[in-house]
$ cat protein15.txt   # compact mmCIF, C-alpha atoms and all ligand atoms
# COMPACT_ATOMS: atom_id res chain seq x y z
CA MET A 18 -1.17 7.42 19.47
CA SER A 19 -4.07 6.73 17.15
CA LEU A 20 -4.02 5.06 13.79
CA PHE A 21 -4.19 8.44 12.04
CA ALA A 22 -0.60 9.11 13.17
CA SER A 23 0.58 6.16 11.04
CA LEU A 24 0.26 8.35 7.92
CA PRO A 25 2.59 11.20 6.86
CA GLN A 26 1.50 14.31 8.76
CA SER A 27 1.88 16.92 6.08
CA ASP A 28 -0.24 18.82 3.57
CA PHE A 29 -0.05 17.83 -0.06
CA PRO A 30 -1.82 20.55 -2.11
CA LEU A 31 -4.22 19.12 -4.69
CA ALA A 32 -2.81 21.37 -7.41
CA ASP A 33 0.32 19.20 -7.33
CA TRP A 34 -1.41 15.87 -7.95
CA VAL A 35 -5.10 16.13 -8.94
CA ASP A 36 -5.64 16.64 -12.66
CA GLY A 37 -9.38 17.24 -13.29
CA LYS A 38 -10.99 13.95 -12.20
CA LYS A 39 -7.70 12.07 -12.17
CA LEU A 40 -5.98 11.28 -8.88
CA MET A 41 -2.38 11.22 -10.02
CA GLY A 42 -0.76 9.01 -7.41
CA LYS A 43 2.49 9.30 -9.28
CA LYS A 44 2.60 13.04 -8.51
CA LEU A 45 1.44 12.66 -4.91
CA ALA A 46 4.09 9.97 -4.42
CA GLU A 47 6.73 12.52 -5.51
CA ALA A 48 5.48 14.93 -2.85
CA VAL A 49 5.43 12.17 -0.21
CA ARG A 50 9.01 11.24 -1.09
CA ALA A 51 10.05 14.89 -0.72
CA HIS A 52 8.39 14.89 2.73
CA ILE A 53 10.26 11.70 3.67
CA ARG A 54 13.54 13.20 2.47
CA ALA A 55 13.03 16.24 4.70
CA GLU A 56 12.08 14.04 7.67
CA THR A 57 15.05 11.67 7.31
CA GLN A 58 17.37 14.68 7.14
CA ALA A 59 15.72 16.35 10.13
CA HIS A 60 16.21 13.17 12.16
CA SER A 61 19.72 12.49 10.72
CA LEU A 62 18.68 8.99 9.69
CA GLN A 63 19.67 6.69 6.89
CA PRO A 64 16.83 4.15 6.69
CA GLY A 65 17.78 0.72 5.35
CA LEU A 66 15.41 -1.49 3.35
CA ALA A 67 16.06 -5.16 2.57
CA VAL A 68 13.92 -6.88 -0.06
CA ILE A 69 13.95 -10.67 -0.32
CA TRP A 70 12.85 -11.87 -3.73
CA VAL A 71 12.44 -15.59 -4.27
CA GLY A 72 12.00 -17.07 -7.76
CA ASP A 73 11.31 -15.24 -10.99
CA ASP A 74 7.71 -14.00 -10.98
CA ALA A 75 7.56 -11.53 -13.88
CA ALA A 76 5.44 -8.88 -12.14
CA SER A 77 7.71 -9.00 -9.07
CA GLN A 78 10.63 -7.97 -11.25
CA VAL A 79 8.91 -4.65 -12.01
CA TYR A 80 7.90 -4.07 -8.36
CA VAL A 81 11.30 -4.97 -6.89
CA GLY A 82 13.11 -2.79 -9.44
CA GLY A 83 10.80 0.14 -8.63
CA LYS A 84 11.32 -0.24 -4.87
CA GLU A 85 15.08 -0.41 -5.18
CA LYS A 86 15.25 2.64 -7.43
CA ALA A 87 12.97 4.72 -5.20
CA ALA A 88 14.86 3.75 -2.03
CA THR A 89 18.25 4.55 -3.53
CA GLU A 90 17.03 7.91 -4.85
CA LEU A 91 15.99 8.84 -1.31
CA GLY A 92 19.44 8.01 0.02
CA TYR A 93 18.32 4.83 1.77
CA LYS A 94 20.55 1.83 2.12
CA SER A 95 18.85 -0.60 -0.25
CA LEU A 96 19.51 -4.33 -0.47
CA VAL A 97 17.84 -6.82 -2.78
CA ILE A 98 18.51 -10.46 -1.97
CA ARG A 99 17.59 -12.72 -4.85
CA LEU A 100 17.08 -16.40 -4.08
CA PRO A 101 16.27 -19.16 -6.58
CA ALA A 102 12.74 -20.62 -6.81
CA THR A 103 14.19 -23.77 -5.20
CA ALA A 104 15.23 -21.92 -2.01
CA THR A 105 14.16 -23.68 1.18
CA GLN A 106 12.04 -22.36 4.01
CA GLU A 107 15.09 -22.56 6.31
CA GLN A 108 17.29 -20.54 3.93
CA ILE A 109 14.73 -17.75 3.71
CA VAL A 110 14.03 -17.65 7.44
CA ALA A 111 17.80 -17.60 8.12
CA LYS A 112 18.13 -14.57 5.83
CA ILE A 113 15.30 -12.83 7.67
CA HIS A 114 16.95 -13.52 11.04
CA GLU A 115 20.15 -11.99 9.71
CA PHE A 116 18.30 -8.78 8.77
CA ASN A 117 16.35 -8.80 12.05
CA HIS A 118 19.73 -8.38 13.75
CA ALA A 119 21.36 -5.96 11.25
CA PRO A 120 21.53 -2.47 12.84
CA ASP A 121 21.52 -0.70 9.44
CA ILE A 122 18.30 -2.39 8.24
CA HIS A 123 14.92 -1.00 9.38
CA GLY A 124 12.52 -2.44 6.85
CA ILE A 125 12.39 -6.05 5.65
CA LEU A 126 10.08 -7.04 2.82
CA VAL A 127 9.54 -10.48 1.36
CA GLN A 128 8.20 -10.01 -2.14
CA LEU A 129 4.96 -11.91 -2.79
CA PRO A 130 3.93 -14.22 -4.32
CA LEU A 131 6.33 -16.87 -3.02
CA PRO A 132 6.83 -20.20 -4.81
CA GLN A 133 4.15 -22.77 -3.86
CA HIS A 134 6.35 -25.05 -1.73
CA LEU A 135 7.02 -22.31 0.85
CA ASN A 136 4.97 -21.50 3.94
CA GLU A 137 4.19 -17.82 3.35
CA ARG A 138 2.64 -17.17 6.74
CA GLU A 139 5.62 -18.57 8.66
CA ILE A 140 8.06 -16.60 6.50
CA LEU A 141 6.22 -13.26 6.91
CA GLN A 142 5.90 -13.74 10.67
CA ALA A 143 9.67 -14.36 10.96
CA ILE A 144 10.23 -10.63 10.34
CA ILE A 145 10.19 -8.84 13.71
CA ALA A 146 7.29 -6.39 14.10
CA GLU A 147 9.74 -3.48 14.48
CA LYS A 148 11.20 -4.11 11.00
CA ASP A 149 7.96 -5.02 9.25
CA ALA A 150 7.81 -2.81 6.14
CA ASP A 151 4.49 -4.16 4.86
CA GLY A 152 2.24 -4.17 7.93
CA PHE A 153 1.92 -7.96 7.66
CA HIS A 154 3.15 -8.89 11.16
CA PHE A 155 0.30 -10.14 13.34
CA VAL A 156 1.10 -7.53 16.02
CA ASN A 157 0.85 -4.74 13.46
CA GLN A 158 -2.35 -6.18 11.99
CA GLY A 159 -3.77 -6.37 15.53
CA ARG A 160 -2.82 -2.76 16.19
CA LEU A 161 -4.62 -1.75 12.99
CA LEU A 162 -7.75 -3.57 14.15
CA ALA A 163 -7.52 -1.89 17.57
CA GLY A 164 -7.08 1.57 16.01
CA ALA A 165 -3.54 2.06 17.41
CA GLU A 166 -0.65 3.67 15.52
CA THR A 167 1.17 1.03 13.50
CA VAL A 168 2.93 0.08 10.26
CA LEU A 169 0.20 0.07 7.61
CA SER A 170 -0.09 -2.17 4.62
CA CYS A 171 1.34 0.00 1.84
CA THR A 172 -1.38 0.01 -0.82
CA PRO A 173 -4.33 0.76 1.51
CA ALA A 174 -2.20 3.38 3.30
CA GLY A 175 -1.46 5.11 -0.02
CA ILE A 176 -5.15 5.10 -0.92
CA VAL A 177 -6.33 6.46 2.41
CA LEU A 178 -3.70 9.20 2.20
CA MET A 179 -5.10 10.25 -1.19
CA LEU A 180 -8.64 10.27 0.20
CA ARG A 181 -7.61 12.18 3.33
CA GLU A 182 -5.96 14.91 1.25
CA LEU A 183 -8.97 15.08 -1.05
CA GLU A 184 -11.35 15.44 1.87
CA LYS A 185 -9.16 18.13 3.49
CA ASN A 186 -9.11 20.22 0.33
CA VAL A 187 -12.44 19.74 -1.42
CA GLY A 188 -15.03 21.74 0.50
CA GLU A 189 -18.10 19.62 -0.22
CA LEU A 190 -16.40 16.29 0.48
CA ASN A 191 -17.05 14.69 3.84
CA PHE A 192 -16.54 10.94 4.04
CA ALA A 193 -17.90 10.41 7.55
CA GLY A 194 -20.93 8.14 7.41
CA LYS A 195 -20.74 7.75 3.62
CA HIS A 196 -20.67 4.31 2.04
CA ALA A 197 -17.37 2.73 0.97
CA VAL A 198 -17.44 -0.55 -0.94
CA VAL A 199 -14.26 -2.62 -1.10
CA VAL A 200 -14.25 -5.40 -3.66
CA GLY A 201 -11.63 -8.03 -2.76
CA ARG A 202 -10.74 -9.48 0.66
CA SER A 203 -7.00 -10.09 0.49
CA ASN A 204 -4.83 -9.65 3.57
CA ILE A 205 -2.62 -7.23 1.60
CA VAL A 206 -5.30 -4.86 0.31
CA GLY A 207 -8.99 -5.63 0.90
CA LYS A 208 -9.03 -6.28 4.64
CA PRO A 209 -6.70 -3.47 5.78
CA MET A 210 -8.38 -1.11 3.27
CA ALA A 211 -11.79 -1.67 4.85
CA GLN A 212 -10.33 -1.12 8.31
CA LEU A 213 -8.70 2.19 7.33
CA LEU A 214 -11.83 3.52 5.62
CA LEU A 215 -13.72 2.68 8.79
CA SER A 216 -11.23 3.96 11.37
CA ILE A 217 -9.60 6.95 9.68
CA LEU A 218 -12.36 8.23 7.40
CA ASN A 219 -15.31 7.08 9.54
CA MET A 220 -17.02 5.52 6.55
CA THR A 221 -19.70 2.86 6.53
CA VAL A 222 -17.87 -0.01 4.88
CA THR A 223 -19.09 -3.01 2.89
CA MET A 224 -16.67 -5.74 1.85
CA CYS A 225 -17.52 -7.61 -1.32
CA HIS A 226 -15.67 -10.60 -2.80
CA SER A 227 -15.93 -13.44 -5.28
CA LYS A 228 -18.88 -15.01 -3.43
CA THR A 229 -20.90 -11.79 -3.08
CA GLN A 230 -24.37 -11.99 -4.58
CA ALA A 231 -25.78 -9.06 -6.55
CA LEU A 232 -22.45 -7.22 -6.64
CA ASP A 233 -23.98 -4.60 -8.95
CA SER A 234 -26.28 -3.39 -6.17
CA TYR A 235 -23.26 -2.66 -3.92
CA VAL A 236 -21.36 -0.98 -6.74
CA ALA A 237 -24.39 1.25 -7.38
CA ALA A 238 -24.52 2.23 -3.69
CA ALA A 239 -20.83 3.13 -3.28
CA ASP A 240 -19.72 6.71 -2.59
CA VAL A 241 -16.16 5.38 -2.58
CA LEU A 242 -15.44 2.20 -4.55
CA VAL A 243 -12.15 0.33 -4.22
CA SER A 244 -11.57 -2.48 -6.70
CA ALA A 245 -8.89 -4.86 -5.48
CA THR A 246 -10.00 -8.07 -7.14
CA GLY A 247 -6.96 -8.75 -9.28
CA VAL A 248 -9.40 -9.78 -12.02
CA ARG A 249 -10.59 -7.57 -14.84
CA GLY A 250 -14.28 -7.12 -15.49
CA ILE A 251 -15.75 -8.29 -12.14
CA VAL A 252 -17.04 -4.81 -11.32
CA ASN A 253 -19.61 -3.49 -13.78
CA THR A 254 -18.55 0.15 -14.06
CA ASN A 255 -21.81 1.08 -15.81
CA LYS A 256 -23.43 0.70 -12.38
CA ILE A 257 -21.18 3.23 -10.60
CA LYS A 258 -23.07 6.03 -8.87
CA ALA A 259 -22.64 9.45 -10.49
CA GLY A 260 -20.16 11.45 -8.41
CA ALA A 261 -18.50 8.42 -6.78
CA ILE A 262 -14.77 8.22 -6.10
CA VAL A 263 -13.30 5.17 -7.81
CA ILE A 264 -10.00 3.55 -6.86
CA ASP A 265 -8.52 0.83 -9.07
CA VAL A 266 -5.84 -1.32 -7.42
CA GLY A 267 -5.59 -3.76 -10.34
CA MET A 268 -2.60 -4.07 -12.62
CA HIS A 269 -2.86 -6.12 -15.80
CA ARG A 270 -0.89 -6.19 -19.00
CA ILE A 271 -3.14 -6.54 -22.05
CA ASP A 272 -1.55 -6.55 -25.51
CA GLY A 273 1.53 -5.01 -23.90
CA LYS A 274 -0.50 -2.17 -22.34
CA LEU A 275 -0.96 -1.71 -18.56
CA THR A 276 -4.54 -1.47 -17.35
CA GLY A 277 -6.45 -1.79 -14.08
CA ASP A 278 -9.35 -4.02 -12.96
CA LEU A 279 -11.95 -1.62 -14.32
CA ASP A 280 -13.42 -0.80 -17.67
CA LEU A 281 -12.46 2.87 -17.66
CA GLN A 282 -14.82 4.68 -20.02
CA PRO A 283 -17.90 4.50 -17.74
CA VAL A 284 -15.66 5.48 -14.80
CA ILE A 285 -14.46 8.60 -16.60
CA GLU A 286 -18.05 9.53 -17.41
CA ARG A 287 -19.60 8.87 -13.99
CA ALA A 288 -16.95 9.33 -11.27
CA ALA A 289 -16.12 12.61 -9.52
CA TYR A 290 -12.53 11.35 -9.13
CA TYR A 291 -10.71 8.18 -10.14
CA THR A 292 -7.22 6.67 -10.11
CA PRO A 293 -5.67 5.92 -13.52
CA VAL A 294 -3.59 2.79 -14.19
CA PRO A 295 -0.66 3.19 -14.47
CA GLY A 296 0.22 6.27 -12.38
CA GLY A 297 -2.55 6.00 -9.76
CA VAL A 298 -2.28 3.62 -6.83
CA GLY A 299 0.99 1.82 -7.74
CA PRO A 300 3.45 4.68 -7.07
CA MET A 301 1.70 5.41 -3.76
CA THR A 302 2.36 1.83 -2.63
CA ILE A 303 6.09 2.36 -3.07
CA ALA A 304 6.01 5.77 -1.39
CA MET A 305 4.28 4.24 1.65
CA LEU A 306 6.81 1.42 1.79
CA LEU A 307 9.53 4.06 2.03
CA TYR A 308 7.52 5.92 4.64
CA ASN A 309 7.05 2.76 6.73
CA THR A 310 10.78 2.10 6.59
CA PHE A 311 11.51 5.66 7.69
CA ARG A 312 9.07 5.32 10.61
CA ASN A 313 10.71 2.07 11.67
CA ALA A 314 14.15 3.69 11.48
CA ARG A 315 12.96 6.60 13.62
CA ALA A 316 11.41 4.30 16.23
CA LEU A 317 14.41 1.94 16.34
CA SER A 318 16.79 4.88 16.63
CA ALA A 319 14.75 6.35 19.53
CA ALA A 320 14.73 2.94 21.26
CA ARG A 321 18.51 2.67 20.86
CA HIS A 322 19.03 6.08 22.46
CA LEU A 323 16.93 5.04 25.43
CA ALA A 324 18.75 1.73 25.88
N1 LIG A 401 3.52 -8.23 -4.04
C1 LIG A 401 2.56 -7.44 -4.58
N2 LIG A 401 2.27 -6.43 -3.73
C2 LIG A 401 3.04 -6.60 -2.64
C3 LIG A 401 3.20 -5.88 -1.41
O1 LIG A 401 2.55 -4.87 -1.13
N3 LIG A 401 4.10 -6.38 -0.54
C4 LIG A 401 4.82 -7.51 -0.79
N4 LIG A 401 5.67 -7.91 0.14
N5 LIG A 401 4.71 -8.19 -1.92
C5 LIG A 401 3.82 -7.74 -2.83

$ encode --input "protein15.txt" --output "structure tokens" --more "lines below"
Ligand code: GUN
Amino acid sequence: MSLFASLPQSDFPLADWVDGKKLMGKKLAEAVRAHIRAETQAHSLQPGLAVIWVGDDAASQVYVGGKEKAATELGYKSLVIRLPATATQEQIVAKIHEFNHAPDIHGILVQLPLPQHLNEREILQAIIAEKDADGFHFVNQGRLLAGAETVLSCTPAGIVLMLRELEKNVGELNFAGKHAVVVGRSNIVGKPMAQLLLSILNMTVTMCHSKTQALDSYVAAADVLVSATGVRGIVNTNKIKAGAIVIDVGMHRIDGKLTGDLDLQPVIERAAYYTPVPGGVGPMTIAMLLYNTFRNARALSAARHLA
């Protein structure tokens, strides 16, 4: 099966989640969760998600709380294992091995960032590919690169789902051959995002990052712009092409208020569609995590019946 099959195969009418120019991920995430609920019931499954949270990173607290709440609301079995910042590599890997063998757990997620003394790569690769909830296992990353169906990294999957629905429902939109510019090259967002824009939407993709020269010229040439820099103000939004689609993955708290990577006023004026922060990309990330866990549960259950 092709990569396209990694996404929820359902229609999500724009009237439910597009508000003028605003792509309301929060609303689309509700519809995706309803789809997952129907699918888990149809397959008589109770997916189980285990989150391992090490240390006390403030942002992680919000994310982990959101994941737990969303999983419980969908009737999932939801476990959050909290370990102190002093936890050892061996303790964390032992916990992962326990969940790798637990028949009621289908998704395992290690919340990032991890404390500095830990080997993140070794910890993430300890999760078996079949229970990877984040698309971080090397096998799943390889499948993404090869264009095979797989577990997708949650944030890029949520974004490509929004774009797919937009393209399906807006007559004049056709992404094939158009120019997507991804700013940021992280393993979590930038790299898988570029791959999905290329493979699923057939876009011509440019990856920009902190060493890119003349970033403004790429921003000005983008039909779809994804900012995943984690830093505010890198992208000059006054340069955005009129009619572009602008996706902001950033999440910053400034004077107690949540905002994205981008200076919004020029985006509102120039873009055809854009994602607000909060309520844009963030809720889609959680919805895709739940979807990945459901897919794993379905595949593991099918494998068990064959065994
Ligand atoms: N921390 C911030 N975003 C993510 C994510 O998508 N997955 C994990 N595991 N940790 C994160």

$ residues_around --input "protein15.txt" --residues "range 249-254 of chain A" --least-positions-apart "6" --cutoff "8 Å" --atoms "only C-alpha atoms" --output "JSON, numbers by chain"
{"A": [232, 233, 236, 267, 269, 277, 278, 279, 280, 281, 283, 284]}

$ atom_distance --input "protein15.txt" --atom1 "CA of Val294 in chain A" --atom2 "CA of Thr276 in chain A"
5.4 Å

$ residues_around --input "protein15.txt" --residues "range 120-130 of chain A" --least-positions-apart "3" --cutoff "6 Å" --atoms "all atoms listed in the file" --output "list of chain:residue names"
A:Gly65, A:Leu66, A:Ala67, A:Val68, A:Ile69, A:Trp70, A:Lys148, A:Asp149, A:Ala150, A:Thr310, A:Asn313, A:Ala314

$ residues_around --input "protein15.txt" --residues "Leu218 in chain A" --least-positions-apart "2" --cutoff "10 Å" --atoms "all atoms listed in the file" --output "ChimeraX atom specification"
/A:21,177,180-181,184,191-195,197,212-216,220-221

$ residues_around --input "protein15.txt" --residues "Ala88 in chain A" --least-positions-apart "5" --cutoff "7 Å" --atoms "all atoms listed in the file" --output "ChimeraX atom specification"
/A:93,95,307

$ closest_atom_pairs --input "protein15.txt" --of "range 146-176 of chain A" --to "range 31-42 of chain A" --cutoff "12 Å" --atoms "only C-alpha atoms" --output "CSV"
residue,atom,partner,partner_atom,distance
A:Thr172,CA,A:Gly42,CA,11.2
A:Gly175,CA,A:Gly42,CA,8.4
A:Ile176,CA,A:Gly42,CA,8.8

$ closest_residue --input "protein15.txt" --among "A:Pro132, A:Gly299, A:Gly92, A:Gly82" --to "ligand LIG 401 (chain A)" --atoms "all atoms listed in the file"
A:Gly299

$ closest_residue --input "protein15.txt" --among "A:Asp151, A:Glu85, A:Glu56, A:Glu115" --to "ligand LIG 401 (chain A)" --atoms "only C-alpha atoms and all ligand atoms"
A:Asp151

$ closest_residue --input "protein15.txt" --among "A:Pro25, A:Gly247, A:Gly273, A:Pro64" --to "Leu317 in chain A" --atoms "all atoms listed in the file"
A:Pro64

$ build_atoms --input "protein15.txt" --residues "range 49-84 of chain A" --atoms "N, CA and C atoms" --output "PDB file, in the coordinates of the input"
ATOM      1  N   VAL A  49       5.221  12.958  -1.429  1.00  0.00           N
ATOM      2  CA  VAL A  49       5.430  12.170  -0.210  1.00  0.00           C
ATOM      3  C   VAL A  49       6.926  11.858  -0.061  1.00  0.00           C
ATOM      4  N   ARG A  50       7.563  11.543  -1.163  1.00  0.00           N
ATOM      5  CA  ARG A  50       9.010  11.240  -1.090  1.00  0.00           C
ATOM      6  C   ARG A  50       9.797  12.483  -0.655  1.00  0.00           C
ATOM      7  N   ALA A  51       9.376  13.656  -1.143  1.00  0.00           N
ATOM      8  CA  ALA A  51      10.050  14.890  -0.720  1.00  0.00           C
ATOM      9  C   ALA A  51       9.870  15.099   0.788  1.00  0.00           C
ATOM     10  N   HIS A  52       8.675  14.798   1.283  1.00  0.00           N
ATOM     11  CA  HIS A  52       8.390  14.890   2.730  1.00  0.00           C
ATOM     12  C   HIS A  52       9.293  13.926   3.499  1.00  0.00           C
ATOM     13  N   ILE A  53       9.421  12.699   2.988  1.00  0.00           N
ATOM     14  CA  ILE A  53      10.260  11.700   3.670  1.00  0.00           C
ATOM     15  C   ILE A  53      11.726  12.167   3.682  1.00  0.00           C
ATOM     16  N   ARG A  54      12.142  12.727   2.560  1.00  0.00           N
ATOM     17  CA  ARG A  54      13.540  13.200   2.470  1.00  0.00           C
ATOM     18  C   ARG A  54      13.811  14.250   3.566  1.00  0.00           C
ATOM     19  N   ALA A  55      12.871  15.184   3.683  1.00  0.00           N
ATOM     20  CA  ALA A  55      13.030  16.240   4.700  1.00  0.00           C
ATOM     21  C   ALA A  55      13.044  15.632   6.108  1.00  0.00           C
ATOM     22  N   GLU A  56      12.176  14.661   6.338  1.00  0.00           N
ATOM     23  CA  GLU A  56      12.080  14.040   7.670  1.00  0.00           C
ATOM     24  C   GLU A  56      13.334  13.226   8.003  1.00  0.00           C
ATOM     25  N   THR A  57      13.843  12.471   7.028  1.00  0.00           N
ATOM     26  CA  THR A  57      15.050  11.670   7.310  1.00  0.00           C
ATOM     27  C   THR A  57      16.222  12.602   7.608  1.00  0.00           C
ATOM     28  N   GLN A  58      16.278  13.727   6.891  1.00  0.00           N
ATOM     29  CA  GLN A  58      17.370  14.680   7.140  1.00  0.00           C
ATOM     30  C   GLN A  58      17.210  15.328   8.513  1.00  0.00           C
ATOM     31  N   ALA A  59      15.970  15.698   8.832  1.00  0.00           N
ATOM     32  CA  ALA A  59      15.720  16.350  10.130  1.00  0.00           C
ATOM     33  C   ALA A  59      16.086  15.424  11.283  1.00  0.00           C
ATOM     34  N   HIS A  60      15.910  14.132  11.096  1.00  0.00           N
ATOM     35  CA  HIS A  60      16.210  13.170  12.160  1.00  0.00           C
ATOM     36  C   HIS A  60      17.611  12.549  11.999  1.00  0.00           C
ATOM     37  N   SER A  61      18.371  13.035  11.014  1.00  0.00           N
ATOM     38  CA  SER A  61      19.720  12.490  10.720  1.00  0.00           C
ATOM     39  C   SER A  61      19.723  10.965  10.637  1.00  0.00           C
ATOM     40  N   LEU A  62      18.798  10.451   9.817  1.00  0.00           N
ATOM     41  CA  LEU A  62      18.680   8.990   9.690  1.00  0.00           C
ATOM     42  C   LEU A  62      19.054   8.539   8.291  1.00  0.00           C
ATOM     43  N   GLN A  63      19.600   7.336   8.195  1.00  0.00           N
ATOM     44  CA  GLN A  63      19.670   6.690   6.890  1.00  0.00           C
ATOM     45  C   GLN A  63      18.893   5.372   6.998  1.00  0.00           C
ATOM     46  N   PRO A  64      17.603   5.390   6.614  1.00  0.00           N
ATOM     47  CA  PRO A  64      16.830   4.150   6.690  1.00  0.00           C
ATOM     48  C   PRO A  64      17.426   3.086   5.751  1.00  0.00           C
ATOM     49  N   GLY A  65      17.299   1.840   6.170  1.00  0.00           N
ATOM     50  CA  GLY A  65      17.780   0.720   5.350  1.00  0.00           C
ATOM     51  C   GLY A  65      16.644  -0.244   5.055  1.00  0.00           C
ATOM     52  N   LEU A  66      16.498  -0.588   3.779  1.00  0.00           N
ATOM     53  CA  LEU A  66      15.410  -1.490   3.350  1.00  0.00           C
ATOM     54  C   LEU A  66      16.010  -2.732   2.697  1.00  0.00           C
ATOM     55  N   ALA A  67      15.619  -3.900   3.178  1.00  0.00           N
ATOM     56  CA  ALA A  67      16.060  -5.160   2.570  1.00  0.00           C
ATOM     57  C   ALA A  67      14.868  -5.860   1.933  1.00  0.00           C
ATOM     58  N   VAL A  68      14.985  -6.180   0.655  1.00  0.00           N
ATOM     59  CA  VAL A  68      13.920  -6.880  -0.060  1.00  0.00           C
ATOM     60  C   VAL A  68      14.414  -8.291  -0.382  1.00  0.00           C
ATOM     61  N   ILE A  69      13.619  -9.275  -0.006  1.00  0.00           N
ATOM     62  CA  ILE A  69      13.950 -10.670  -0.320  1.00  0.00           C
ATOM     63  C   ILE A  69      13.023 -11.120  -1.437  1.00  0.00           C
ATOM     64  N   TRP A  70      13.622 -11.511  -2.541  1.00  0.00           N
ATOM     65  CA  TRP A  70      12.850 -11.870  -3.730  1.00  0.00           C
ATOM     66  C   TRP A  70      13.204 -13.299  -4.114  1.00  0.00           C
ATOM     67  N   VAL A  71      12.211 -14.170  -4.026  1.00  0.00           N
ATOM     68  CA  VAL A  71      12.440 -15.590  -4.270  1.00  0.00           C
ATOM     69  C   VAL A  71      11.792 -15.985  -5.597  1.00  0.00           C
ATOM     70  N   GLY A  72      12.562 -16.609  -6.487  1.00  0.00           N
ATOM     71  CA  GLY A  72      12.000 -17.070  -7.760  1.00  0.00           C
ATOM     72  C   GLY A  72      12.033 -15.998  -8.822  1.00  0.00           C
ATOM     73  N   ASP A  73      11.189 -16.160  -9.848  1.00  0.00           N
ATOM     74  CA  ASP A  73      11.310 -15.240 -10.990  1.00  0.00           C
ATOM     75  C   ASP A  73       9.952 -14.776 -11.507  1.00  0.00           C
ATOM     76  N   ASP A  74       9.008 -14.548 -10.585  1.00  0.00           N
ATOM     77  CA  ASP A  74       7.710 -14.000 -10.980  1.00  0.00           C
ATOM     78  C   ASP A  74       7.906 -12.704 -11.781  1.00  0.00           C
ATOM     79  N   ALA A  75       7.288 -12.644 -12.957  1.00  0.00           N
ATOM     80  CA  ALA A  75       7.560 -11.530 -13.880  1.00  0.00           C
ATOM     81  C   ALA A  75       7.125 -10.184 -13.300  1.00  0.00           C
ATOM     82  N   ALA A  76       5.930 -10.147 -12.679  1.00  0.00           N
ATOM     83  CA  ALA A  76       5.440  -8.880 -12.140  1.00  0.00           C
ATOM     84  C   ALA A  76       6.351  -8.400 -10.997  1.00  0.00           C
ATOM     85  N   SER A  77       6.859  -9.362 -10.208  1.00  0.00           N
ATOM     86  CA  SER A  77       7.710  -9.000  -9.070  1.00  0.00           C
ATOM     87  C   SER A  77       8.962  -8.252  -9.541  1.00  0.00           C
ATOM     88  N   GLN A  78       9.430  -8.617 -10.719  1.00  0.00           N
ATOM     89  CA  GLN A  78      10.630  -7.970 -11.250  1.00  0.00           C
ATOM     90  C   GLN A  78      10.422  -6.454 -11.357  1.00  0.00           C
ATOM     91  N   VAL A  79       9.232  -6.080 -11.856  1.00  0.00           N
ATOM     92  CA  VAL A  79       8.910  -4.650 -12.010  1.00  0.00           C
ATOM     93  C   VAL A  79       8.818  -3.995 -10.634  1.00  0.00           C
ATOM     94  N   TYR A  80       8.090  -4.649  -9.695  1.00  0.00           N
ATOM     95  CA  TYR A  80       7.900  -4.070  -8.360  1.00  0.00           C
ATOM     96  C   TYR A  80       9.241  -3.921  -7.640  1.00  0.00           C
ATOM     97  N   VAL A  81      10.040  -5.000  -7.653  1.00  0.00           N
ATOM     98  CA  VAL A  81      11.300  -4.970  -6.890  1.00  0.00           C
ATOM     99  C   VAL A  81      12.227  -3.902  -7.462  1.00  0.00           C
ATOM    100  N   GLY A  82      12.273  -3.803  -8.793  1.00  0.00           N
ATOM    101  CA  GLY A  82      13.110  -2.790  -9.440  1.00  0.00           C
ATOM    102  C   GLY A  82      12.667  -1.393  -9.020  1.00  0.00           C
ATOM    103  N   GLY A  83      11.349  -1.170  -9.005  1.00  0.00           N
ATOM    104  CA  GLY A  83      10.800   0.140  -8.630  1.00  0.00           C
ATOM    105  C   GLY A  83      11.119   0.498  -7.194  1.00  0.00           C
ATOM    106  N   LYS A  84      11.037  -0.491  -6.292  1.00  0.00           N
ATOM    107  CA  LYS A  84      11.320  -0.240  -4.870  1.00  0.00           C
ATOM    108  C   LYS A  84      12.785   0.110  -4.674  1.00  0.00           C
TER     109      LYS A  84
END
